[in-house]
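S.K.: Have a look at the structure that comes next, please.
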Amino acid sequence: MRQLNERSAHIGEYPEFSVGFSDSEILAMWTKWSHNCEFEKCAADAIRNGHIKIPAYLSLGSEHIPVALSSVIQGYNIFAQHRAHSYYLSFGGDPLALIDELFGLPTGCTGGRGGSASINNPHIKMWGHSGLMGDQVPIGVGYAIASGEPTLVVMGDASAEEDYVLSAIGYAATKLAPVIFICEDNDLSILTKIETRRSWNLSDVSASFGVPSFDISDDPRLIVRTVEKVKRSLPGLINIRCCRDVWHAGAGNDGSPEWNRREMFREALDVRRLTGEAESIGESEASKMKLLWSTRINEVFG
Amino acid sequence: MTTTAEMIAERTQRLLTEDNGLLFGQCVTAVGWVGGSIPPLSEGDGIVELSMADVAGASIAVGAALSGRRCIYVIRYQGFLWYNAASLVNYAAKSKFMWEIPCPIMVRSISMDGSIGPVASGSHHGMVGRMPGLAIAAPITPGEWSDVFDWWMEHDDPIYVSESRKSFTVDYELSDGSHPVPDVTLIGIGASRLNMAEVQSNLEKQGLTVNIFHQVWLKPFVASSRLLESVVASRVCLIVDSDFEDCSIAKTIAFELMHASRKQVHVLGLEERAAGFSAASDNTTPSGHKIFQKVNSLLQVKECENDGD
């Protein structure tokens with residue numbers, strides 16, 4: 001059982017967790033990660049410049065979590081909530097359709113109705129969210145039970161406190177629903193820390209329901225290895241301790257995050273002598289994404 | 001003759017065994033099988049016993065309905081809707097507009113109509129009535145229930161079916177009145193319709209002519225030409241509901257009818273207070289006697305107005 005306020009970039013690590021990844025696998029993750037990161041940086045600029053007028057929930061700081069997930073699970077139904085741009089992008093969503101969605105255009109991936117918080121895309125089996133925090137958890141469980149299809153359900157550490165979330169996880173255990181529950185645990189509900197809100201860990205409660213549960217940090221290699229374990233026998237739950245780089249909504253920030261996973265991963269790439277490839281990928285994704293955004297902004301706003 | 005409960009069970013059985021449907025609910029396979037309205041099938045056949053978590057349970061059923069399988073969700077006491085409504089009105093009702101994905105869930109929500117206290121007793125179709133995207137019907141007879149079920153099977157919309165336990169033993173059909181110039185038009189909703197024959201009989205003893213209309217579809221509400229003609233021709237028009245009066249579907253229907261007919265349309269429903277357990281403090285669907293008294297008081301007011309003219 002972990003201490004409730006245990007916050008570290010190394011929770012759940014074990015000696016061999018980073019072993020066994022090929023250079024191409026690592027660079028593939030870095031490419032998708034850069035893709036997400038640069039998209040969100042451009043979105044932040046678009047918020048500051050007034051091109052995005054709706055509330056937008058950027059995934060900067062946790063944009064690599066779906067990158068890791070998408071490298072080990074494919075074809076799952078995805079039930080997420082707000083802060084899910086990177087899930088959409090990582091699982092194959094068209095970035096231009098998401099830009100249009102954030103601009104409120106009918107050509108958006110949800111026809112302009114879903115905005116940032118309710119992304120829906122049947123092509124990647126991503127289901128929209130109603131706006132009731134956490135209701136994607138029981139809805140995803142119901143979908144998994146009725147369809148028998150593997151399902152990825154994503155929540156935040158605040159949504160995990162909704163009573164119906166806990167009972168849905170318990171019911172998934174009872175019915176052996178084929179669900180992987182992911183909790184992106186950034187320790188914050190708006191700005192209120194977990195220790196102020198509750199005295200329990202989600203992974204402890206989930207384990208007590210009989211759901212194999214893990215509490216780990218957000219190193220993508222550790223996420224990959226944990227998902228590989230979890231998906232052998234569903235349901236399973238992974239609480240991933242991560243950092244939110246920007247405010248709950250919008251593009252502001254309150255200084256440096258507790259840890260910078262992207263910098264830490266870049267150092268790991270250096271150790272593997274992949275510095276040059278990593279820089280080249282980062283620059284390429286940045287320039288592609290800037291061009292995509294600027295072209296669309298010119299088309300829409302002149 | 002088939003009862004309403006038997007009709008519900010029969011149509012449900014066919015949905016589960018022939019059309020790959022599912023039925024979700026709490027304690028639905030317990031003693032009584034919800035008044036005999038649940039077919040005696042197993043989980044393997046498609047009956048899914050939920051945990052006692054109301055909010056999660058309704059949401060699980062909504063998620064199941066997204067999968068393309070027709071799902072019935074049973075709420076054994078309509079008052080439990082206060083917990084259950086969250087995903088029904090915020091996901092199922094909005095799914096088609098928001099995401100162009102239908103969520104065809106049928107919510108069977110059952111009122112007990114008395115003797116069970118402040119939460120579980122009455123009908124609450126008004127509660128979900130304000131959310132666009134959710135059809136609402138209140139069938140009483142076996143034929144009405146079957147028609148509502150057919151509508152649901154032919155459409156891809158969610159529907160809220162406001163049922164009453166008192167309807168489960170009904171084994172006959174009800175037809176609308178057809179008097180060309182009635183003194184009184186009564187429009188019944190839900191279990192109140194089971195009290196209308198008594199009211200009609202007592203009013204006719206007073207020499208009055210009465211048309212009774214059985215309003216099965218509450219939302220969307222479409223007034224038939226026969227109903228409008230009857231309202232226009234009547235001295236008194238009263239809608240009787242088994243839900244509360246204020247902020248109710250009955251008042252919404254009255255509003256629509258008044259605009260269409262330019263006649264006053266009155267409403268009688270549950271009293272504006274909670275229901276206690278004792279007979280003296282209970283708060284049930286207006287009885288035949290109460291409806292009769294209300295009609296007579298409206299007639300008296302009408303006569304006073306005429307005298308004033």
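Ordering of the structure tokens sets the chain letters (A, B, ...), residue numbers begin anew at 1 in every chain, and ligands are numbered from 1 in the order given.
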Return the neighbours of chain B among the residues of chain A, cut-off 6 Å, counting only C-alpha atoms, as a VMD selection string.

M.R.: chain A and resid 130 138 to 140 142 to 143 146 to 147 164 168

S.K.: Kindly export the residues of the current selection with C-alpha atoms, as an mmCIF file, in the first residue's frame.

M.R.:
```
data_model
loop_
_atom_site.group_PDB
_atom_site.id
_atom_site.type_symbol
_atom_site.label_atom_id
_atom_site.label_comp_id
_atom_site.auth_asym_id
_atom_site.auth_seq_id
_atom_site.Cartn_x
_atom_site.Cartn_y
_atom_site.Cartn_z
ATOM 1 C CA SER A 130 -21.286 13.710 -21.736
ATOM 2 C CA PRO A 138 -19.753 2.808 -15.993
ATOM 3 C CA ILE A 139 -20.721 3.506 -19.611
ATOM 4 C CA GLY A 140 -17.506 1.887 -20.818
ATOM 5 C CA GLY A 142 -21.586 -1.509 -19.865
ATOM 6 C CA TYR A 143 -20.314 -1.334 -23.413
ATOM 7 C CA ALA A 146 -22.678 -6.041 -23.851
ATOM 8 C CA SER A 147 -20.198 -6.199 -26.733
ATOM 9 C CA TYR A 164 -20.409 5.585 -9.568
ATOM 10 C CA ALA A 168 -18.529 0.432 -11.819
#
```

S.K.: Need the shell around A:Ala9: protein/DNA/RNA residues with any atom at most 9 Å away, counting only C-alpha atoms. Skip same-chain ones fewer than 6 positions apart. Format as a ChimeraX atom specification?

M.R.: /A:216-219,241-242,258-261

S.K.: Hey, what does DSSP flag as strand (DSSP E or B) within stretch 119-291 of chain A? Can you give it to me as a PyMOL selection string?

M.R.: chain A and resi 121+126-127+151-156+179-185+188-189+192-193+213-217+236-241

S.K.: Next, the residues of the selection above should be written as a PDB file, in the first residue's frame with N, CA and C atoms.

M.R.:
```
ATOM      1  N   ASN A 121     -15.031   9.722 -32.239  1.00  0.00           N
ATOM      2  CA  ASN A 121     -14.587   9.327 -33.572  1.00  0.00           C
ATOM      3  C   ASN A 121     -14.758   7.824 -33.754  1.00  0.00           C
ATOM      4  N   MET A 126     -13.470   5.754 -30.645  1.00  0.00           N
ATOM      5  CA  MET A 126     -13.414   6.666 -29.499  1.00  0.00           C
ATOM      6  C   MET A 126     -14.803   7.265 -29.297  1.00  0.00           C
ATOM      7  N   TRP A 127     -15.316   7.086 -28.097  1.00  0.00           N
ATOM      8  CA  TRP A 127     -16.697   7.456 -27.796  1.00  0.00           C
ATOM      9  C   TRP A 127     -16.748   8.804 -27.087  1.00  0.00           C
ATOM     10  N   THR A 151     -11.955  -2.880 -24.011  1.00  0.00           N
ATOM     11  CA  THR A 151     -12.317  -1.471 -23.844  1.00  0.00           C
ATOM     12  C   THR A 151     -11.309  -0.778 -22.942  1.00  0.00           C
ATOM     13  N   LEU A 152     -10.915   0.406 -23.374  1.00  0.00           N
ATOM     14  CA  LEU A 152     -10.004   1.240 -22.578  1.00  0.00           C
ATOM     15  C   LEU A 152     -10.820   2.365 -21.955  1.00  0.00           C
ATOM     16  N   VAL A 153     -10.790   2.458 -20.642  1.00  0.00           N
ATOM     17  CA  VAL A 153     -11.534   3.501 -19.942  1.00  0.00           C
ATOM     18  C   VAL A 153     -10.530   4.398 -19.230  1.00  0.00           C
ATOM     19  N   VAL A 154     -10.600   5.685 -19.523  1.00  0.00           N
ATOM     20  CA  VAL A 154      -9.612   6.628 -18.986  1.00  0.00           C
ATOM     21  C   VAL A 154     -10.301   7.645 -18.083  1.00  0.00           C
ATOM     22  N   MET A 155      -9.728   7.852 -16.937  1.00  0.00           N
ATOM     23  CA  MET A 155     -10.269   8.851 -16.000  1.00  0.00           C
ATOM     24  C   MET A 155      -9.111   9.638 -15.392  1.00  0.00           C
ATOM     25  N   GLY A 156      -9.455  10.665 -14.628  1.00  0.00           N
ATOM     26  CA  GLY A 156      -8.454  11.388 -13.862  1.00  0.00           C
ATOM     27  C   GLY A 156      -8.591  11.050 -12.389  1.00  0.00           C
ATOM     28  N   VAL A 179     -12.001  -4.779 -19.575  1.00  0.00           N
ATOM     29  CA  VAL A 179     -11.705  -3.344 -19.507  1.00  0.00           C
ATOM     30  C   VAL A 179     -10.325  -3.108 -18.897  1.00  0.00           C
ATOM     31  N   ILE A 180      -9.557  -2.218 -19.524  1.00  0.00           N
ATOM     32  CA  ILE A 180      -8.374  -1.659 -18.859  1.00  0.00           C
ATOM     33  C   ILE A 180      -8.748  -0.266 -18.373  1.00  0.00           C
ATOM     34  N   PHE A 181      -8.688  -0.056 -17.077  1.00  0.00           N
ATOM     35  CA  PHE A 181      -8.944   1.257 -16.496  1.00  0.00           C
ATOM     36  C   PHE A 181      -7.609   1.982 -16.351  1.00  0.00           C
ATOM     37  N   ILE A 182      -7.553   3.182 -16.875  1.00  0.00           N
ATOM     38  CA  ILE A 182      -6.370   4.022 -16.703  1.00  0.00           C
ATOM     39  C   ILE A 182      -6.767   5.257 -15.907  1.00  0.00           C
ATOM     40  N   CYS A 183      -6.055   5.518 -14.828  1.00  0.00           N
ATOM     41  CA  CYS A 183      -6.266   6.767 -14.100  1.00  0.00           C
ATOM     42  C   CYS A 183      -5.032   7.634 -14.289  1.00  0.00           C
ATOM     43  N   GLU A 184      -5.212   8.770 -14.964  1.00  0.00           N
ATOM     44  CA  GLU A 184      -4.119   9.740 -15.081  1.00  0.00           C
ATOM     45  C   GLU A 184      -4.130  10.565 -13.803  1.00  0.00           C
ATOM     46  N   ASP A 185      -3.218  10.247 -12.925  1.00  0.00           N
ATOM     47  CA  ASP A 185      -3.201  10.811 -11.575  1.00  0.00           C
ATOM     48  C   ASP A 185      -2.194  11.965 -11.534  1.00  0.00           C
ATOM     49  N   LEU A 188      -4.185  16.582  -9.001  1.00  0.00           N
ATOM     50  CA  LEU A 188      -4.920  17.843  -8.911  1.00  0.00           C
ATOM     51  C   LEU A 188      -6.353  17.725  -9.422  1.00  0.00           C
ATOM     52  N   SER A 189      -7.277  18.276  -8.656  1.00  0.00           N
ATOM     53  CA  SER A 189      -8.610  18.552  -9.174  1.00  0.00           C
ATOM     54  C   SER A 189      -8.695  20.077  -9.237  1.00  0.00           C
ATOM     55  N   THR A 192      -6.828  21.566  -6.328  1.00  0.00           N
ATOM     56  CA  THR A 192      -6.915  20.916  -5.015  1.00  0.00           C
ATOM     57  C   THR A 192      -6.219  19.556  -5.061  1.00  0.00           C
ATOM     58  N   LYS A 193      -5.286  19.368  -4.156  1.00  0.00           N
ATOM     59  CA  LYS A 193      -4.490  18.141  -4.170  1.00  0.00           C
ATOM     60  C   LYS A 193      -5.270  16.958  -3.585  1.00  0.00           C
ATOM     61  N   SER A 213      -4.349  -4.458  -9.949  1.00  0.00           N
ATOM     62  CA  SER A 213      -4.182  -2.999  -9.966  1.00  0.00           C
ATOM     63  C   SER A 213      -2.728  -2.615  -9.755  1.00  0.00           C
ATOM     64  N   PHE A 214      -2.311  -1.581 -10.433  1.00  0.00           N
ATOM     65  CA  PHE A 214      -0.919  -1.146 -10.388  1.00  0.00           C
ATOM     66  C   PHE A 214      -0.868   0.364 -10.185  1.00  0.00           C
ATOM     67  N   ASP A 215       0.145   0.794  -9.465  1.00  0.00           N
ATOM     68  CA  ASP A 215       0.355   2.213  -9.211  1.00  0.00           C
ATOM     69  C   ASP A 215       1.760   2.532  -9.692  1.00  0.00           C
ATOM     70  N   ILE A 216       1.873   3.278 -10.778  1.00  0.00           N
ATOM     71  CA  ILE A 216       3.185   3.465 -11.392  1.00  0.00           C
ATOM     72  C   ILE A 216       3.390   4.925 -11.774  1.00  0.00           C
ATOM     73  N   SER A 217       4.622   5.239 -12.108  1.00  0.00           N
ATOM     74  CA  SER A 217       4.912   6.570 -12.644  1.00  0.00           C
ATOM     75  C   SER A 217       4.668   6.548 -14.158  1.00  0.00           C
ATOM     76  N   GLY A 236      -8.405  -4.818 -15.500  1.00  0.00           N
ATOM     77  CA  GLY A 236      -7.227  -4.411 -14.765  1.00  0.00           C
ATOM     78  C   GLY A 236      -7.192  -2.901 -14.665  1.00  0.00           C
ATOM     79  N   LEU A 237      -6.453  -2.405 -13.695  1.00  0.00           N
ATOM     80  CA  LEU A 237      -6.408  -0.952 -13.487  1.00  0.00           C
ATOM     81  C   LEU A 237      -4.970  -0.490 -13.291  1.00  0.00           C
ATOM     82  N   ILE A 238      -4.648   0.612 -13.915  1.00  0.00           N
ATOM     83  CA  ILE A 238      -3.324   1.224 -13.725  1.00  0.00           C
ATOM     84  C   ILE A 238      -3.516   2.684 -13.343  1.00  0.00           C
ATOM     85  N   ASN A 239      -3.026   3.019 -12.156  1.00  0.00           N
ATOM     86  CA  ASN A 239      -2.999   4.416 -11.726  1.00  0.00           C
ATOM     87  C   ASN A 239      -1.627   4.979 -12.105  1.00  0.00           C
ATOM     88  N   ILE A 240      -1.628   5.972 -12.971  1.00  0.00           N
ATOM     89  CA  ILE A 240      -0.351   6.494 -13.488  1.00  0.00           C
ATOM     90  C   ILE A 240      -0.103   7.885 -12.919  1.00  0.00           C
ATOM     91  N   ARG A 241       0.940   7.988 -12.100  1.00  0.00           N
ATOM     92  CA  ARG A 241       1.289   9.291 -11.509  1.00  0.00           C
ATOM     93  C   ARG A 241       1.983  10.140 -12.577  1.00  0.00           C
TER      94      ARG A 241
END
```

S.K.: Which neighbours of stretch 91-105 of chain A fall inside 7 Å, counting only C-alpha atoms, when residues of the same chain fewer than 6 positions from it are skipped, and could you give them as a list in words?

M.R.: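 Residues near the query, excluding close chain neighbours: His51, Ile52, Ser70, Gly111, Gly112, Gly115, Ser116 and Ile124 of chain A.
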
S.K.: May I have all residues of stretch 122-272 of chain B that DSSP, computed from the backbone, assigns to alpha helix (DSSP H), given as JSON, numbers by chain?

M.R.: {"B": [125, 126, 127, 128, 129, 142, 143, 144, 145, 146, 147, 148, 149, 150, 151, 152, 153, 154, 196, 197, 198, 199, 200, 201, 202, 203, 204, 205, 225, 226, 227, 228, 229, 230, 231, 232, 233, 249, 250, 251, 252, 253, 254, 255, 256, 257, 258, 259, 260, 261]}

S.K.: Store the residues picked out above in a file with C-alpha atoms, as a PDB file, in the first residue's frame.

M.R.:
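This is the output file result.pdb:
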```
ATOM      1  CA  HIS B 125     -42.086  11.113 -15.776  1.00  0.00           C
ATOM      2  CA  GLY B 126     -41.995  14.891 -15.361  1.00  0.00           C
ATOM      3  CA  MET B 127     -38.449  14.659 -14.052  1.00  0.00           C
ATOM      4  CA  VAL B 128     -37.039  13.422 -17.356  1.00  0.00           C
ATOM      5  CA  GLY B 129     -39.505  15.371 -19.461  1.00  0.00           C
ATOM      6  CA  PRO B 142     -51.370  -4.757 -22.853  1.00  0.00           C
ATOM      7  CA  GLY B 143     -52.083  -3.344 -26.305  1.00  0.00           C
ATOM      8  CA  GLU B 144     -50.706   0.081 -25.426  1.00  0.00           C
ATOM      9  CA  TRP B 145     -47.522  -1.415 -23.998  1.00  0.00           C
ATOM     10  CA  SER B 146     -47.060  -3.548 -27.081  1.00  0.00           C
ATOM     11  CA  ASP B 147     -47.565  -0.518 -29.344  1.00  0.00           C
ATOM     12  CA  VAL B 148     -44.975   1.458 -27.381  1.00  0.00           C
ATOM     13  CA  PHE B 149     -42.567  -1.452 -27.625  1.00  0.00           C
ATOM     14  CA  ASP B 150     -43.129  -1.637 -31.400  1.00  0.00           C
ATOM     15  CA  TRP B 151     -42.383   2.080 -31.690  1.00  0.00           C
ATOM     16  CA  TRP B 152     -39.142   1.590 -29.798  1.00  0.00           C
ATOM     17  CA  MET B 153     -38.098  -1.347 -31.972  1.00  0.00           C
ATOM     18  CA  GLU B 154     -38.794   0.660 -35.117  1.00  0.00           C
ATOM     19  CA  MET B 196     -61.791   7.321 -15.105  1.00  0.00           C
ATOM     20  CA  ALA B 197     -64.616   4.824 -15.639  1.00  0.00           C
ATOM     21  CA  GLU B 198     -65.857   5.507 -12.100  1.00  0.00           C
ATOM     22  CA  VAL B 199     -65.699   9.258 -12.703  1.00  0.00           C
ATOM     23  CA  GLN B 200     -67.549   8.973 -15.978  1.00  0.00           C
ATOM     24  CA  SER B 201     -70.285   6.865 -14.406  1.00  0.00           C
ATOM     25  CA  ASN B 202     -70.830   9.348 -11.577  1.00  0.00           C
ATOM     26  CA  LEU B 203     -70.856  12.359 -13.893  1.00  0.00           C
ATOM     27  CA  GLU B 204     -73.318  10.680 -16.223  1.00  0.00           C
ATOM     28  CA  LYS B 205     -75.622  10.122 -13.247  1.00  0.00           C
ATOM     29  CA  SER B 225     -58.091  16.367 -34.004  1.00  0.00           C
ATOM     30  CA  ARG B 226     -60.666  14.405 -31.988  1.00  0.00           C
ATOM     31  CA  LEU B 227     -59.105  15.521 -28.752  1.00  0.00           C
ATOM     32  CA  LEU B 228     -58.955  19.150 -29.840  1.00  0.00           C
ATOM     33  CA  GLU B 229     -62.563  19.080 -31.015  1.00  0.00           C
ATOM     34  CA  SER B 230     -63.625  17.619 -27.694  1.00  0.00           C
ATOM     35  CA  VAL B 231     -61.696  20.242 -25.711  1.00  0.00           C
ATOM     36  CA  VAL B 232     -63.207  23.044 -27.792  1.00  0.00           C
ATOM     37  CA  ALA B 233     -66.735  21.660 -27.357  1.00  0.00           C
ATOM     38  CA  ILE B 249     -45.834  17.159 -18.189  1.00  0.00           C
ATOM     39  CA  ALA B 250     -49.559  17.535 -17.506  1.00  0.00           C
ATOM     40  CA  LYS B 251     -49.173  21.319 -17.305  1.00  0.00           C
ATOM     41  CA  THR B 252     -47.077  21.332 -20.473  1.00  0.00           C
ATOM     42  CA  ILE B 253     -49.810  19.421 -22.285  1.00  0.00           C
ATOM     43  CA  ALA B 254     -52.419  21.786 -20.842  1.00  0.00           C
ATOM     44  CA  PHE B 255     -50.409  24.719 -22.156  1.00  0.00           C
ATOM     45  CA  GLU B 256     -50.276  23.198 -25.647  1.00  0.00           C
ATOM     46  CA  LEU B 257     -53.994  22.418 -25.612  1.00  0.00           C
ATOM     47  CA  MET B 258     -54.939  25.891 -24.402  1.00  0.00           C
ATOM     48  CA  HIS B 259     -52.949  27.476 -27.219  1.00  0.00           C
ATOM     49  CA  ALA B 260     -54.500  25.160 -29.784  1.00  0.00           C
ATOM     50  CA  SER B 261     -58.090  25.365 -28.496  1.00  0.00           C
TER      51      SER B 261
END
```

S.K.: Rounded to one decimal place, report the atom CA of A:Ser24-atom CA of A:Leu269 distance in Å.

M.R.: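 Between atom CA of A:Ser24 and atom CA of A:Leu269 the gap is 11.5 Å.
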
S.K.: Leaving out B:Phe213 and any residue of its chain fewer than 5 positions from it, which residues lie within 10 Å of it when counting only C-alpha atoms, given as number ranges by chain?

M.R.: B: 174-178, 185-189, 193, 196, 226-227, 230, 239

S.K.: Would you output that residue set with C-alpha atoms, as an mmCIF file, in the first residue's frame?

M.R.:
```cif
data_model
loop_
_atom_site.group_PDB
_atom_site.id
_atom_site.type_symbol
_atom_site.label_atom_id
_atom_site.label_comp_id
_atom_site.auth_asym_id
_atom_site.auth_seq_id
_atom_site.Cartn_x
_atom_site.Cartn_y
_atom_site.Cartn_z
ATOM 1 C CA LEU B 174 -59.264 1.417 -23.254
ATOM 2 C CA SER B 175 -60.697 3.613 -25.967
ATOM 3 C CA ASP B 176 -61.122 7.372 -26.261
ATOM 4 C CA GLY B 177 -64.532 9.023 -25.966
ATOM 5 C CA SER B 178 -66.415 10.090 -29.066
ATOM 6 C CA THR B 185 -63.355 16.219 -21.422
ATOM 7 C CA LEU B 186 -61.055 14.231 -19.169
ATOM 8 C CA ILE B 187 -57.502 13.442 -20.285
ATOM 9 C CA GLY B 188 -55.898 10.727 -18.239
ATOM 10 C CA ILE B 189 -52.197 10.037 -17.769
ATOM 11 C CA ARG B 193 -56.791 6.353 -16.266
ATOM 12 C CA MET B 196 -61.791 7.321 -15.105
ATOM 13 C CA ARG B 226 -60.666 14.405 -31.988
ATOM 14 C CA LEU B 227 -59.105 15.521 -28.752
ATOM 15 C CA SER B 230 -63.625 17.619 -27.694
ATOM 16 C CA ILE B 239 -55.944 16.545 -17.325
#
```

S.K.: Skipping near chain neighbours, those fewer than 4 positions away, what residues fall within 10 Å of A:Ala286 using only C-alpha atoms, listed as an MDAnalysis selection string?

M.R.: chainID A and resid 34:39 41:42 280:282 290:292
